[in-house]
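Asks: Contents are mmCIF, C-alpha atoms; file name coords_38.cif:
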```
data_work
#
loop_
_atom_site.label_atom_id
_atom_site.label_comp_id
_atom_site.auth_asym_id
_atom_site.auth_seq_id
_atom_site.Cartn_x
_atom_site.Cartn_y
_atom_site.Cartn_z
CA MET S 1 3.07 -47.34 28.92
CA LYS S 2 5.22 -45.62 26.34
CA TYR S 3 2.21 -45.23 24.00
CA VAL S 4 0.04 -43.86 26.79
CA LEU S 5 2.64 -41.16 27.55
CA ILE S 6 2.86 -40.28 23.83
CA MET S 7 -0.93 -40.04 23.56
CA ILE S 8 -1.18 -37.87 26.68
CA SER S 9 1.57 -35.55 25.44
CA MET S 10 -0.13 -35.31 22.00
CA LEU S 11 -3.47 -34.46 23.61
CA PHE S 12 -1.80 -31.89 25.85
CA THR S 13 0.06 -30.30 22.90
CA THR S 14 -3.07 -30.28 20.76
CA GLY S 15 -5.05 -28.64 23.57
CA ILE S 16 -2.46 -25.89 23.89
CA ALA S 17 -2.39 -25.33 20.13
CA ILE S 18 -6.18 -25.11 19.91
CA SER S 19 -6.43 -22.72 22.85
CA GLN S 20 -3.98 -20.23 21.32
CA ASP S 21 -5.05 -17.56 18.91
CA PRO S 22 -3.41 -18.36 15.56
CA MET S 23 -3.14 -14.63 14.82
CA ASP S 24 -1.48 -13.89 18.16
CA GLY S 25 1.56 -11.74 17.59
CA MET S 26 0.69 -11.17 13.94
CA PRO S 27 -0.58 -7.92 12.46
CA PRO S 28 -4.24 -7.79 11.41
CA PRO S 29 -4.96 -9.17 7.91
CA ASN S 30 -5.35 -5.73 6.33
CA LYS S 31 -1.93 -4.68 7.67
CA ARG S 32 -0.36 -7.88 6.36
CA ILE S 33 -1.92 -7.25 2.96
CA ALA S 34 -0.71 -3.64 2.99
CA ALA S 35 2.81 -4.79 3.87
CA LYS S 36 2.72 -7.34 1.05
CA ILE S 37 1.54 -4.68 -1.41
CA GLU S 38 4.30 -2.30 -0.29
CA ALA S 39 6.89 -5.04 -0.82
CA GLN S 40 5.56 -5.64 -4.34
CA LYS S 41 5.62 -1.90 -4.99
CA ALA S 42 9.25 -1.71 -3.90
CA ALA S 43 10.13 -4.57 -6.24
CA VAL S 44 8.40 -2.94 -9.23
CA PHE S 45 9.90 0.49 -8.54
CA THR S 46 13.38 -0.92 -8.05
CA ARG S 47 13.09 -2.84 -11.32
CA VAL S 48 11.60 0.01 -13.39
CA LEU S 49 13.78 2.75 -11.92
CA GLU S 50 16.84 0.49 -11.98
CA LEU S 51 17.84 1.73 -8.53
CA THR S 52 21.31 1.01 -7.27
CA PRO S 53 21.54 -0.08 -3.61
CA GLU S 54 22.85 3.39 -2.68
CA GLU S 55 20.02 5.13 -4.52
CA ALA S 56 17.41 2.81 -3.01
CA GLN S 57 18.72 3.47 0.48
CA LYS S 58 18.21 7.22 0.04
CA PHE S 59 15.12 7.07 -2.19
CA TRP S 60 12.79 4.85 -0.14
CA PRO S 61 12.61 6.89 3.08
CA LEU S 62 11.92 10.04 1.07
CA TYR S 63 9.38 8.31 -1.17
CA ASN S 64 7.60 6.82 1.86
CA GLU S 65 7.42 10.29 3.42
CA TYR S 66 6.01 11.67 0.15
CA SER S 67 3.47 8.83 -0.11
CA ALA S 68 2.22 9.39 3.42
CA LYS S 69 1.71 13.11 2.79
CA GLU S 70 0.06 12.45 -0.57
CA ARG S 71 -2.26 9.85 0.99
CA ALA S 72 -3.29 12.38 3.67
CA LEU S 73 -4.41 14.76 0.91
CA ARG S 74 -6.76 12.28 -0.73
CA PRO S 75 -10.35 13.47 -0.57
CA ASP S 76 -12.70 11.87 1.91
CA PHE S 77 -16.14 11.95 0.35
CA LYS S 78 -18.55 11.01 3.09
CA LYS S 79 -21.75 12.08 1.38
CA ARG S 80 -23.13 10.73 -1.85
CA PRO S 81 -23.97 13.23 -4.59
CA LYS S 82 -27.72 12.63 -4.20
CA ASP S 83 -27.47 13.56 -0.49
CA LEU S 84 -25.75 16.92 -1.13
CA SER S 85 -27.34 20.31 -1.19
CA GLU S 86 -26.27 22.66 -3.98
CA GLU S 87 -24.13 24.64 -1.53
CA GLU S 88 -22.43 21.48 -0.22
CA ALA S 89 -21.75 20.35 -3.79
CA ASN S 90 -20.08 23.68 -4.60
CA GLU S 91 -17.98 23.45 -1.43
CA MET S 92 -16.97 19.91 -2.39
CA ILE S 93 -15.94 21.03 -5.88
CA ASN S 94 -13.86 23.91 -4.49
CA SER S 95 -12.32 21.59 -1.92
CA PHE S 96 -11.46 19.12 -4.65
CA PHE S 97 -9.58 21.75 -6.67
CA ASP S 98 -7.80 23.09 -3.58
CA ASN S 99 -6.78 19.56 -2.72
CA GLU S 100 -5.52 18.88 -6.25
CA GLN S 101 -3.41 22.05 -6.09
CA LYS S 102 -1.94 20.94 -2.76
CA ARG S 103 -1.12 17.54 -4.25
CA LEU S 104 0.52 19.17 -7.27
CA ASN S 105 2.60 21.44 -5.02
CA LEU S 106 3.59 18.47 -2.86
CA THR S 107 4.63 16.46 -5.91
CA LYS S 108 6.68 19.34 -7.34
CA ASN S 109 8.36 19.86 -3.97
CA TYR S 110 9.28 16.19 -3.59
CA TYR S 111 10.45 15.85 -7.19
CA GLU S 112 12.98 18.57 -6.38
CA LYS S 113 14.12 16.48 -3.41
CA PHE S 114 14.19 13.32 -5.54
CA LYS S 115 16.46 15.12 -8.03
CA MET S 116 19.11 15.28 -5.31
CA ILE S 117 19.06 11.48 -5.10
CA LEU S 118 18.25 10.25 -8.61
CA PRO S 119 19.34 11.40 -12.05
CA ALA S 120 16.59 13.08 -14.08
CA LYS S 121 16.32 10.09 -16.46
CA LYS S 122 15.42 7.81 -13.56
CA LEU S 123 13.11 10.37 -12.06
CA VAL S 124 11.13 10.52 -15.32
CA LYS S 125 10.54 6.78 -14.90
CA LEU S 126 8.95 7.29 -11.46
CA HIS S 127 5.55 8.16 -12.93
CA PHE S 128 5.72 5.10 -15.19
CA ALA S 129 6.74 2.91 -12.25
CA GLU S 130 3.73 4.10 -10.26
CA ARG S 131 1.42 3.44 -13.19
CA ARG S 132 2.90 0.02 -13.90
CA PHE S 133 2.57 -0.96 -10.25
CA LYS S 134 -1.11 0.08 -10.18
CA GLU S 135 -1.78 -1.86 -13.37
CA GLU S 136 -0.10 -4.99 -12.00
CA LEU S 137 -1.95 -4.66 -8.70
CA LEU S 138 -5.32 -4.27 -10.41
CA LYS S 139 -4.55 -7.25 -12.66
CA ARG S 140 -3.72 -9.44 -9.62
CA MET S 141 -6.85 -8.30 -7.81
CA LYS S 142 -8.98 -9.11 -10.86
CA GLU S 143 -7.35 -12.54 -11.19
CA ARG S 144 -8.02 -13.29 -7.50
CA ARG S 145 -11.63 -12.15 -7.83
CA ASP S 146 -12.15 -14.29 -10.92
CA LYS S 147 -10.53 -17.26 -9.21
CA ARG S 148 -12.88 -16.92 -6.22
CA ARG S 149 -15.91 -16.67 -8.51
CA ARG S 150 -14.97 -19.90 -10.28
CA ARG S 151 -14.98 -21.88 -7.03
#
```
Show me, as structure tokens, the structure contained in the file I just sent.
Replies:
Amino acid sequence: MKYVLIMISMLFTTGIAISQDPMDGMPPPNKRIAAKIEAQKAAVFTRVLELTPEEAQKFWPLYNEYSAKERALRPDFKKRPKDLSEEEANEMINSFFDNEQKRLNLTKNYYEKFKMILPAKKLVKLHFAERRFKEELLKRMKERRDKRRRR
């Protein structure tokens, strides 16, 4: 009788587990990946910039604000070059330069704000931290791709 009750409870528990969505309550995969990437970025920046806890507490909200604004300025090329008319291509070129100027102005503006939080020596390292993070991310992505290809 004891074994029958155990088997029934196992079947009942298994049925409940199978019927539930394993992703229920979890963010979509792309959001989880983005969160993981942001955590890695924070680790690299903190290491390269040698941020103190006080600096990090002030730096990260401002940097996240800057990143969001910078990301919004990235060009959105919907048409391929072969599908463009000459006039559309000229508009795209002008738009590209306007956008680059906006990004430069944004960066200059935020670097002034960053100077209020970080000493200039650490601020100089920010560009290198961004580059190092991108290099590490691309290296990891390449390694994962190569690993999948070998399977």
Asks: How many Å lie between CA of Tyr111 in chain S and CA of Pro53 in chain S, rounded to one decimal?
Replies: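 The value is 19.7 Å.
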Asks: List the spatial neighbours of range 124-139 of chain S as a PyMOL selection string - criterion: any atom at most 9 Å away, all atoms listed in the file, same-chain residues fewer than 2 positions off excluded.
Replies: chain S and resi 37+40-41+44-49+119-122+141-144
Asks: For the atom pair CA of Ala72 in chain S and CA of Glu91 in chain S, what is the interatomic distance in Å to one decimal place?
Replies: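 Atom-to-atom, CA of Ala72 in chain S to CA of Glu91 in chain S, that is 19.1 Å.
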Asks: Quick check, in Å to one decimal: how far apart do CA of Asn105 in chain S and CA of Arg71 in chain S lie?
Replies: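 Calculated distance between CA of Asn105 in chain S and CA of Arg71 in chain S is 13.9 Å.
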Asks: Nearest residue to Ala56 in chain S out of S:Ala68, S:Met116, S:Ala42, S:Arg103, using all atoms listed in the file?
Replies: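 For Ala56 in chain S, the nearest of the given residues is S:Ala42.
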Asks: S:Ile117, S:Leu123, S:Leu106, S:Ile33: which is nearest Leu73 in chain S, counting only C-alpha atoms?
Replies: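 For Leu73 in chain S, the nearest of the given residues is S:Leu106.
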Asks: Would you mind telling me which residue in S:Thr107, S:Ala89, S:Ser95, S:Lys36 lies nearest to Ser67 in chain S when using all atoms listed in the file?
Replies: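 Looking only at the distances to Ser67 in chain S, the closest residue turns out to be S:Thr107.
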